[in-house]
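Coordinates from input-v4.pdb are shown below (PDB, C-alpha atoms).
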```pdb
MODEL        1
ATOM      1  CA  MET A  74     -74.119 100.354 -10.886  1.00  0.00           C
ATOM      2  CA  ASP A  75     -73.485  96.742  -9.901  1.00  0.00           C
ATOM      3  CA  SER A  76     -76.743  94.776  -9.878  1.00  0.00           C
ATOM      4  CA  SER A  77     -75.355  91.951  -7.727  1.00  0.00           C
ATOM      5  CA  ARG A  78     -76.615  91.969  -4.155  1.00  0.00           C
ATOM      6  CA  GLN A  79     -74.186  91.874  -1.251  1.00  0.00           C
ATOM      7  CA  ASP A  80     -75.107  91.514   2.397  1.00  0.00           C
ATOM      8  CA  HIS A  81     -73.226  93.724   4.834  1.00  0.00           C
ATOM      9  CA  ASP A  82     -73.252  94.063   8.604  1.00  0.00           C
ATOM     10  CA  ALA A  83     -73.661  97.483  10.215  1.00  0.00           C
ATOM     11  CA  ASP A  84     -69.876  97.921  10.232  1.00  0.00           C
ATOM     12  CA  GLY A  85     -69.727  97.395   6.452  1.00  0.00           C
ATOM     13  CA  THR A  86     -68.210  93.921   6.560  1.00  0.00           C
ATOM     14  CA  ASP A  87     -69.605  91.186   4.367  1.00  0.00           C
ATOM     15  CA  SER A  88     -72.282  89.233   6.302  1.00  0.00           C
ATOM     16  CA  ALA A  89     -73.089  86.622   3.650  1.00  0.00           C
ATOM     17  CA  PRO A  90     -72.051  83.251   5.071  1.00  0.00           C
ATOM     18  CA  SER A  91     -69.091  81.633   3.405  1.00  0.00           C
ATOM     19  CA  ALA A  92     -69.279  78.066   2.154  1.00  0.00           C
ATOM     20  CA  ALA A  93     -67.670  77.005   5.451  1.00  0.00           C
ATOM     21  CA  TYR A  94     -70.869  78.048   7.249  1.00  0.00           C
ATOM     22  CA  ARG A  95     -73.270  76.321   4.867  1.00  0.00           C
ATOM     23  CA  SER A  96     -74.175  72.650   4.604  1.00  0.00           C
ATOM     24  CA  GLU A  97     -76.322  70.443   2.456  1.00  0.00           C
ATOM     25  CA  VAL A  98     -79.277  69.122   4.435  1.00  0.00           C
ATOM     26  CA  THR A  99     -81.927  66.618   3.422  1.00  0.00           C
ATOM     27  CA  LEU A 100     -85.239  66.663   5.278  1.00  0.00           C
ATOM     28  CA  ASP A 101     -88.337  64.610   4.650  1.00  0.00           C
ATOM     29  CA  VAL A 102     -91.056  67.244   5.005  1.00  0.00           C
ATOM     30  CA  ASN A 103     -94.659  66.068   4.905  1.00  0.00           C
ATOM     31  CA  GLY A 104     -93.560  62.877   3.169  1.00  0.00           C
ATOM     32  CA  LYS A 105     -91.425  64.557   0.494  1.00  0.00           C
ATOM     33  CA  PRO A 106     -87.612  64.738   0.513  1.00  0.00           C
ATOM     34  CA  HIS A 107     -86.046  68.191   0.251  1.00  0.00           C
ATOM     35  CA  THR A 108     -82.317  68.764  -0.156  1.00  0.00           C
ATOM     36  CA  LEU A 109     -81.074  72.300   0.405  1.00  0.00           C
ATOM     37  CA  VAL A 110     -77.783  74.045   1.062  1.00  0.00           C
ATOM     38  CA  ILE A 111     -78.413  76.222   4.101  1.00  0.00           C
ATOM     39  CA  ASP A 112     -76.685  78.593   6.452  1.00  0.00           C
ATOM     40  CA  HIS A 113     -75.876  76.879   9.756  1.00  0.00           C
ATOM     41  CA  ARG A 114     -77.815  79.617  11.583  1.00  0.00           C
ATOM     42  CA  ARG A 115     -81.090  78.989   9.721  1.00  0.00           C
ATOM     43  CA  THR A 116     -83.930  77.776  11.895  1.00  0.00           C
ATOM     44  CA  LEU A 117     -86.339  75.072  10.876  1.00  0.00           C
ATOM     45  CA  LEU A 118     -89.160  77.633  11.025  1.00  0.00           C
ATOM     46  CA  ASP A 119     -87.438  79.945   8.546  1.00  0.00           C
ATOM     47  CA  LEU A 120     -86.562  77.025   6.270  1.00  0.00           C
ATOM     48  CA  LEU A 121     -90.195  75.856   6.247  1.00  0.00           C
ATOM     49  CA  ARG A 122     -91.686  79.301   5.676  1.00  0.00           C
ATOM     50  CA  GLU A 123     -89.105  80.937   3.411  1.00  0.00           C
ATOM     51  CA  ASP A 124     -87.519  78.054   1.510  1.00  0.00           C
ATOM     52  CA  LEU A 125     -90.378  75.555   1.238  1.00  0.00           C
ATOM     53  CA  ASP A 126     -93.327  78.007   1.297  1.00  0.00           C
ATOM     54  CA  LEU A 127     -95.019  76.065   4.123  1.00  0.00           C
ATOM     55  CA  ILE A 128     -96.479  78.966   6.070  1.00  0.00           C
ATOM     56  CA  GLY A 129     -98.699  77.066   8.534  1.00  0.00           C
ATOM     57  CA  ALA A 130     -96.163  77.255  11.369  1.00  0.00           C
ATOM     58  CA  LYS A 131     -96.144  80.848  12.574  1.00  0.00           C
ATOM     59  CA  LYS A 132     -93.373  83.037  13.940  1.00  0.00           C
ATOM     60  CA  GLY A 133     -95.013  84.258  17.125  1.00  0.00           C
ATOM     61  CA  CYS A 134     -92.454  85.056  19.800  1.00  0.00           C
ATOM     62  CA  ASP A 135     -89.396  83.588  18.015  1.00  0.00           C
ATOM     63  CA  HIS A 136     -88.142  82.494  21.473  1.00  0.00           C
ATOM     64  CA  GLY A 137     -89.896  79.133  21.997  1.00  0.00           C
ATOM     65  CA  GLN A 138     -92.426  80.575  24.432  1.00  0.00           C
ATOM     66  CA  CYS A 139     -95.728  80.670  22.524  1.00  0.00           C
ATOM     67  CA  GLY A 140     -95.884  77.413  20.524  1.00  0.00           C
ATOM     68  CA  ALA A 141     -97.234  79.014  17.336  1.00  0.00           C
ATOM     69  CA  CYS A 142     -94.357  77.384  15.425  1.00  0.00           C
ATOM     70  CA  THR A 143     -94.903  73.839  16.740  1.00  0.00           C
ATOM     71  CA  VAL A 144     -94.265  71.050  14.229  1.00  0.00           C
ATOM     72  CA  LEU A 145     -93.447  67.363  14.639  1.00  0.00           C
ATOM     73  CA  VAL A 146     -89.914  66.066  14.087  1.00  0.00           C
ATOM     74  CA  ASP A 147     -89.775  62.280  13.990  1.00  0.00           C
ATOM     75  CA  GLY A 148     -93.193  62.339  15.649  1.00  0.00           C
ATOM     76  CA  ARG A 149     -92.149  64.551  18.579  1.00  0.00           C
ATOM     77  CA  ARG A 150     -93.327  68.103  19.171  1.00  0.00           C
ATOM     78  CA  VAL A 151     -90.717  70.830  18.682  1.00  0.00           C
ATOM     79  CA  ASN A 152     -90.688  74.610  18.588  1.00  0.00           C
ATOM     80  CA  SER A 153     -89.352  75.072  15.073  1.00  0.00           C
ATOM     81  CA  CYS A 154     -88.103  78.578  15.887  1.00  0.00           C
ATOM     82  CA  LEU A 155     -85.521  77.021  18.233  1.00  0.00           C
ATOM     83  CA  GLN A 156     -84.372  74.159  15.994  1.00  0.00           C
ATOM     84  CA  LEU A 157     -81.393  74.777  13.751  1.00  0.00           C
ATOM     85  CA  ALA A 158     -82.288  73.143  10.456  1.00  0.00           C
ATOM     86  CA  VAL A 159     -78.740  71.870   9.930  1.00  0.00           C
ATOM     87  CA  SER A 160     -79.116  69.687  13.046  1.00  0.00           C
ATOM     88  CA  LEU A 161     -82.093  67.867  11.522  1.00  0.00           C
ATOM     89  CA  ASP A 162     -80.386  66.310   8.494  1.00  0.00           C
ATOM     90  CA  GLY A 163     -82.138  63.065   7.588  1.00  0.00           C
ATOM     91  CA  ARG A 164     -85.092  63.642   9.907  1.00  0.00           C
ATOM     92  CA  ASP A 165     -88.847  63.574   9.216  1.00  0.00           C
ATOM     93  CA  VAL A 166     -90.751  66.828   9.672  1.00  0.00           C
ATOM     94  CA  LEU A 167     -94.534  67.030   9.741  1.00  0.00           C
ATOM     95  CA  THR A 168     -96.300  70.392   9.543  1.00  0.00           C
ATOM     96  CA  VAL A 169     -99.978  71.248   9.732  1.00  0.00           C
ATOM     97  CA  GLU A 170    -100.068  71.189   5.925  1.00  0.00           C
ATOM     98  CA  GLY A 171     -98.958  67.555   5.964  1.00  0.00           C
ATOM     99  CA  LEU A 172    -101.758  66.374   8.251  1.00  0.00           C
ATOM    100  CA  THR A 173    -104.385  66.332   5.520  1.00  0.00           C
ATOM    101  CA  GLU A 174    -104.831  63.399   3.185  1.00  0.00           C
ATOM    102  CA  GLY A 175    -105.833  64.941  -0.110  1.00  0.00           C
ATOM    103  CA  ASP A 176    -108.944  66.979   0.630  1.00  0.00           C
ATOM    104  CA  ARG A 177    -109.670  65.065   3.834  1.00  0.00           C
ATOM    105  CA  LEU A 178    -108.785  66.913   7.019  1.00  0.00           C
ATOM    106  CA  HIS A 179    -107.014  65.241   9.912  1.00  0.00           C
ATOM    107  CA  PRO A 180    -109.534  64.427  12.695  1.00  0.00           C
ATOM    108  CA  LEU A 181    -108.010  67.159  14.898  1.00  0.00           C
ATOM    109  CA  GLN A 182    -108.328  69.733  12.129  1.00  0.00           C
ATOM    110  CA  ARG A 183    -111.981  68.723  11.685  1.00  0.00           C
ATOM    111  CA  ALA A 184    -112.573  68.870  15.480  1.00  0.00           C
ATOM    112  CA  PHE A 185    -111.052  72.371  15.670  1.00  0.00           C
ATOM    113  CA  LEU A 186    -113.467  73.507  12.957  1.00  0.00           C
ATOM    114  CA  ASP A 187    -116.467  71.739  14.484  1.00  0.00           C
ATOM    115  CA  ARG A 188    -115.755  73.161  17.963  1.00  0.00           C
ATOM    116  CA  ASP A 189    -114.838  76.629  16.681  1.00  0.00           C
ATOM    117  CA  ALA A 190    -111.604  76.198  18.626  1.00  0.00           C
ATOM    118  CA  PHE A 191    -109.977  79.366  17.357  1.00  0.00           C
ATOM    119  CA  GLN A 192    -110.641  83.043  16.961  1.00  0.00           C
ATOM    120  CA  CYS A 193    -107.851  84.777  15.073  1.00  0.00           C
ATOM    121  CA  GLY A 194    -106.341  81.411  14.075  1.00  0.00           C
ATOM    122  CA  TYR A 195    -102.710  82.483  14.436  1.00  0.00           C
ATOM    123  CA  CYS A 196    -101.887  79.812  17.030  1.00  0.00           C
ATOM    124  CA  THR A 197    -104.107  77.128  15.488  1.00  0.00           C
ATOM    125  CA  PRO A 198    -101.511  75.302  13.321  1.00  0.00           C
ATOM    126  CA  GLY A 199     -99.169  75.000  16.307  1.00  0.00           C
ATOM    127  CA  GLN A 200    -102.045  73.970  18.584  1.00  0.00           C
ATOM    128  CA  ILE A 201    -103.098  71.234  16.156  1.00  0.00           C
ATOM    129  CA  CYS A 202     -99.561  69.883  15.649  1.00  0.00           C
ATOM    130  CA  SER A 203     -99.035  69.944  19.393  1.00  0.00           C
ATOM    131  CA  ALA A 204    -102.323  68.097  19.953  1.00  0.00           C
ATOM    132  CA  VAL A 205    -101.253  65.411  17.464  1.00  0.00           C
ATOM    133  CA  GLY A 206     -98.106  64.993  19.548  1.00  0.00           C
ATOM    134  CA  VAL A 207    -100.107  64.949  22.789  1.00  0.00           C
ATOM    135  CA  LEU A 208    -102.294  62.096  21.550  1.00  0.00           C
ATOM    136  CA  ALA A 209     -99.241  60.045  20.557  1.00  0.00           C
ATOM    137  CA  GLU A 210     -97.418  60.757  23.823  1.00  0.00           C
ATOM    138  CA  ALA A 211    -100.456  59.829  25.914  1.00  0.00           C
ATOM    139  CA  ALA A 212    -101.025  56.630  23.920  1.00  0.00           C
ATOM    140  CA  ALA A 213     -97.367  55.686  24.510  1.00  0.00           C
ATOM    141  CA  GLY A 214     -97.817  56.180  28.266  1.00  0.00           C
ATOM    142  CA  HIS A 215     -95.678  59.293  28.667  1.00  0.00           C
ATOM    143  CA  PRO A 216     -96.790  61.012  31.899  1.00  0.00           C
ATOM    144  CA  SER A 217     -97.159  64.744  32.422  1.00  0.00           C
ATOM    145  CA  HIS A 218     -97.177  66.855  35.578  1.00  0.00           C
ATOM    146  CA  ALA A 219    -100.949  66.353  35.716  1.00  0.00           C
ATOM    147  CA  THR A 220    -100.780  62.555  35.463  1.00  0.00           C
ATOM    148  CA  ASP A 221    -101.916  60.759  38.617  1.00  0.00           C
ATOM    149  CA  PRO A 222     -98.760  59.421  40.293  1.00  0.00           C
ATOM    150  CA  ALA A 223    -100.682  56.230  41.085  1.00  0.00           C
ATOM    151  CA  ALA A 224    -101.366  55.589  37.391  1.00  0.00           C
ATOM    152  CA  PRO A 225     -99.747  52.391  36.126  1.00  0.00           C
ATOM    153  CA  PRO A 226     -96.449  53.149  34.383  1.00  0.00           C
ATOM    154  CA  LYS A 227     -96.151  52.780  30.611  1.00  0.00           C
ATOM    155  CA  GLN A 228     -99.917  52.491  30.223  1.00  0.00           C
ATOM    156  CA  PRO A 229    -101.805  54.935  27.987  1.00  0.00           C
ATOM    157  CA  ALA A 230    -102.480  58.152  29.897  1.00  0.00           C
ATOM    158  CA  VAL A 231    -106.071  59.162  30.504  1.00  0.00           C
ATOM    159  CA  LEU A 232    -106.617  62.491  28.764  1.00  0.00           C
ATOM    160  CA  ASP A 233    -109.118  64.390  30.880  1.00  0.00           C
ATOM    161  CA  ALA A 234    -109.438  68.180  30.584  1.00  0.00           C
ATOM    162  CA  ALA A 235    -106.734  68.872  33.196  1.00  0.00           C
ATOM    163  CA  GLU A 236    -104.312  66.501  31.476  1.00  0.00           C
ATOM    164  CA  ILE A 237    -104.948  68.089  28.066  1.00  0.00           C
ATOM    165  CA  ARG A 238    -104.507  71.617  29.448  1.00  0.00           C
ATOM    166  CA  GLU A 239    -101.194  70.620  31.065  1.00  0.00           C
ATOM    167  CA  ARG A 240     -99.892  68.913  27.958  1.00  0.00           C
ATOM    168  CA  LEU A 241    -100.849  71.862  25.739  1.00  0.00           C
ATOM    169  CA  SER A 242     -99.593  74.485  28.193  1.00  0.00           C
ATOM    170  CA  GLY A 243     -96.692  75.382  25.900  1.00  0.00           C
ATOM    171  CA  ASN A 244     -99.115  76.539  23.206  1.00  0.00           C
ATOM    172  CA  LEU A 245    -100.661  79.901  23.973  1.00  0.00           C
ATOM    173  CA  CYS A 246    -103.887  81.289  22.552  1.00  0.00           C
ATOM    174  CA  ARG A 247    -104.083  85.022  23.105  1.00  0.00           C
ATOM    175  CA  CYS A 248    -107.747  85.074  22.051  1.00  0.00           C
ATOM    176  CA  GLY A 249    -108.733  82.761  24.903  1.00  0.00           C
ATOM    177  CA  ALA A 250    -110.046  79.800  22.895  1.00  0.00           C
ATOM    178  CA  HIS A 251    -108.465  77.298  25.321  1.00  0.00           C
ATOM    179  CA  PRO A 252    -111.784  75.731  26.478  1.00  0.00           C
ATOM    180  CA  ARG A 253    -112.772  74.976  22.871  1.00  0.00           C
ATOM    181  CA  ILE A 254    -109.291  73.644  22.098  1.00  0.00           C
ATOM    182  CA  VAL A 255    -109.541  71.209  25.010  1.00  0.00           C
ATOM    183  CA  GLU A 256    -113.003  70.113  23.796  1.00  0.00           C
ATOM    184  CA  ALA A 257    -111.667  69.583  20.262  1.00  0.00           C
ATOM    185  CA  VAL A 258    -108.869  67.345  21.553  1.00  0.00           C
ATOM    186  CA  GLN A 259    -111.348  65.415  23.715  1.00  0.00           C
ATOM    187  CA  ASP A 260    -113.497  64.819  20.614  1.00  0.00           C
ATOM    188  CA  VAL A 261    -110.750  62.794  18.925  1.00  0.00           C
ATOM    189  CA  ILE A 262    -109.560  60.701  21.865  1.00  0.00           C
ATOM    190  CA  PRO A 263    -109.995  57.061  20.823  1.00  0.00           C
TER     191      PRO A 263
ENDMDL
END
```
What is this file in structure tokens?
Amino acid sequence: MDSSRQDHDADGTDSAPSAAYRSEVTLDVNGKPHTLVIDHRRTLLDLLREDLDLIGAKKGCDHGQCGACTVLVDGRRVNSCLQLAVSLDGRDVLTVEGLTEGDRLHPLQRAFLDRDAFQCGYCTPGQICSAVGVLAEAAAGHPSHATDPAAPPKQPAVLDAAEIRERLSGNLCRCGAHPRIVEAVQDVIP
């Protein structure tokens, strides 16, 4: 019996990608460079979880609808389940694991713990990464649908509860911890 593994589609044809469908990609993940040869179809989420053993980002819906897989790419929030890793060559990726400095938690991580802003915790890494992005976007003056139209343009956005809820609306908590999540974000607003 041949001990080598071969991947086959349902029709029996070889499904392993040929070299033509693989590329070398270098990503800076949580401050460390990683160079991998990957299938062009591989998502950032699968690369993080399966290749780099960074399991904070969760595969919730796998359709970009729940936000459990949210990470930051070049400082912007993305649903990693929708990002093809090959398209991110040379980019910086920050996951929930990369927010800590040694044993010191990021202020949002600490606020989530202090406010008990989770129940099952499945969505929490995505919520925290998204909140980090929200704080940066608001500080840069990016408006949301909840931003007062009379607010001065390009000025830091005021993050009241309605503004936070709107900005985090792409991150779902099925346990219903949204009020505590909003409070945790409010705790770290400068």
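For the pair CA of Thr116 (chain A) and CA of Cys154 (chain A), the interatomic distance is 5.8 Å.
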Check which residues satisfy the PyMOL selection byres ((chain A and resi 173-189) around 7) in the file shown, then give them as JSON, numbers by chain.
{"A": [170, 171, 172, 190, 191, 201, 253, 254, 257, 258, 260, 261]}
Selection: 12 Å around Gly163 (chain A), all atoms listed in the file, excl. self and same-chain fewer than 3 positions, as a PyMOL selection string:
chain A and resi 97-102+105-109+146-147+158-160+166
Quick check on the file I pasted: which residues fall under the PyMOL selection byres ((chain A and resi 208-225) around 12)? Write them as a PyMOL selection string.
chain A and resi 145+147-150+180-181+201-207+226-242+258-263
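Between CA of Pro198 (chain A) and CA of Thr143 (chain A) the separation is 7.6 Å.
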Expand the PyMOL selection byres ((chain A and resi 247) around 12) into the explicit residue set it covers here, and present it as a PyMOL selection string.
chain A and resi 133+139-141+191-197+244-246+248-251
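Note that CA of Asn103 (chain A) and CA of Leu167 (chain A) are 4.9 Å apart.
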Distance query 9 Å from (-72.9, 78.4, 5.3) using all atoms listed in the file, result as a list in words
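Returned residue set, sorted by chain then number, is Ala89, Pro90, Ser91, Ala92, Ala93, Tyr94, Arg95, Ser96, Val110, Ile111, Asp112, His113 and Arg114 of chain A.
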N, CA, C and O atoms are needed for region 192-208 of chain A; please write them out as a compact mmCIF listing (two decimals), in the frame of the given file.
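New file result_39.txt:
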```txt
# COMPACT_ATOMS: atom_id res chain seq x y z
N GLN A 192 -110.04 81.76 17.30
CA GLN A 192 -110.64 83.04 16.96
C GLN A 192 -109.83 83.66 15.84
O GLN A 192 -110.21 83.58 14.69
N CYS A 193 -108.65 84.19 16.16
CA CYS A 193 -107.85 84.78 15.07
C CYS A 193 -107.19 83.69 14.23
O CYS A 193 -106.89 83.91 13.07
N GLY A 194 -106.91 82.52 14.81
CA GLY A 194 -106.34 81.41 14.08
C GLY A 194 -104.83 81.40 14.00
O GLY A 194 -104.24 80.46 13.46
N TYR A 195 -104.16 82.40 14.54
CA TYR A 195 -102.71 82.48 14.44
C TYR A 195 -102.02 81.30 15.11
O TYR A 195 -101.08 80.72 14.59
N CYS A 196 -102.51 80.91 16.29
CA CYS A 196 -101.89 79.81 17.03
C CYS A 196 -102.37 78.44 16.59
O CYS A 196 -101.80 77.42 16.97
N THR A 197 -103.43 78.39 15.79
CA THR A 197 -104.11 77.13 15.49
C THR A 197 -103.20 76.06 14.86
O THR A 197 -103.24 74.91 15.30
N PRO A 198 -102.37 76.36 13.86
CA PRO A 198 -101.51 75.30 13.32
C PRO A 198 -100.59 74.68 14.38
O PRO A 198 -100.44 73.46 14.43
N GLY A 199 -100.02 75.51 15.23
CA GLY A 199 -99.17 75.00 16.31
C GLY A 199 -99.96 74.21 17.33
O GLY A 199 -99.51 73.18 17.83
N GLN A 200 -101.18 74.69 17.64
CA GLN A 200 -102.04 73.97 18.58
C GLN A 200 -102.38 72.58 18.03
O GLN A 200 -102.35 71.59 18.76
N ILE A 201 -102.71 72.51 16.76
CA ILE A 201 -103.10 71.23 16.16
C ILE A 201 -101.91 70.28 16.11
O ILE A 201 -102.03 69.10 16.49
N CYS A 202 -100.74 70.76 15.67
CA CYS A 202 -99.56 69.88 15.65
C CYS A 202 -99.21 69.42 17.06
O CYS A 202 -98.87 68.26 17.27
N SER A 203 -99.32 70.32 18.02
CA SER A 203 -99.04 69.94 19.39
C SER A 203 -100.02 68.90 19.88
O SER A 203 -99.65 67.92 20.54
N ALA A 204 -101.30 69.07 19.54
CA ALA A 204 -102.32 68.10 19.95
C ALA A 204 -102.08 66.73 19.33
O ALA A 204 -102.30 65.70 19.99
N VAL A 205 -101.60 66.69 18.09
CA VAL A 205 -101.25 65.41 17.46
C VAL A 205 -100.16 64.74 18.29
O VAL A 205 -100.21 63.55 18.59
N GLY A 206 -99.17 65.51 18.70
CA GLY A 206 -98.11 64.99 19.55
C GLY A 206 -98.61 64.54 20.90
O GLY A 206 -98.18 63.50 21.42
N VAL A 207 -99.53 65.30 21.49
CA VAL A 207 -100.11 64.95 22.79
C VAL A 207 -100.80 63.59 22.71
O VAL A 207 -100.62 62.74 23.60
N LEU A 208 -101.58 63.37 21.68
CA LEU A 208 -102.29 62.10 21.55
C LEU A 208 -101.32 60.93 21.45
O LEU A 208 -101.52 59.88 22.07
```
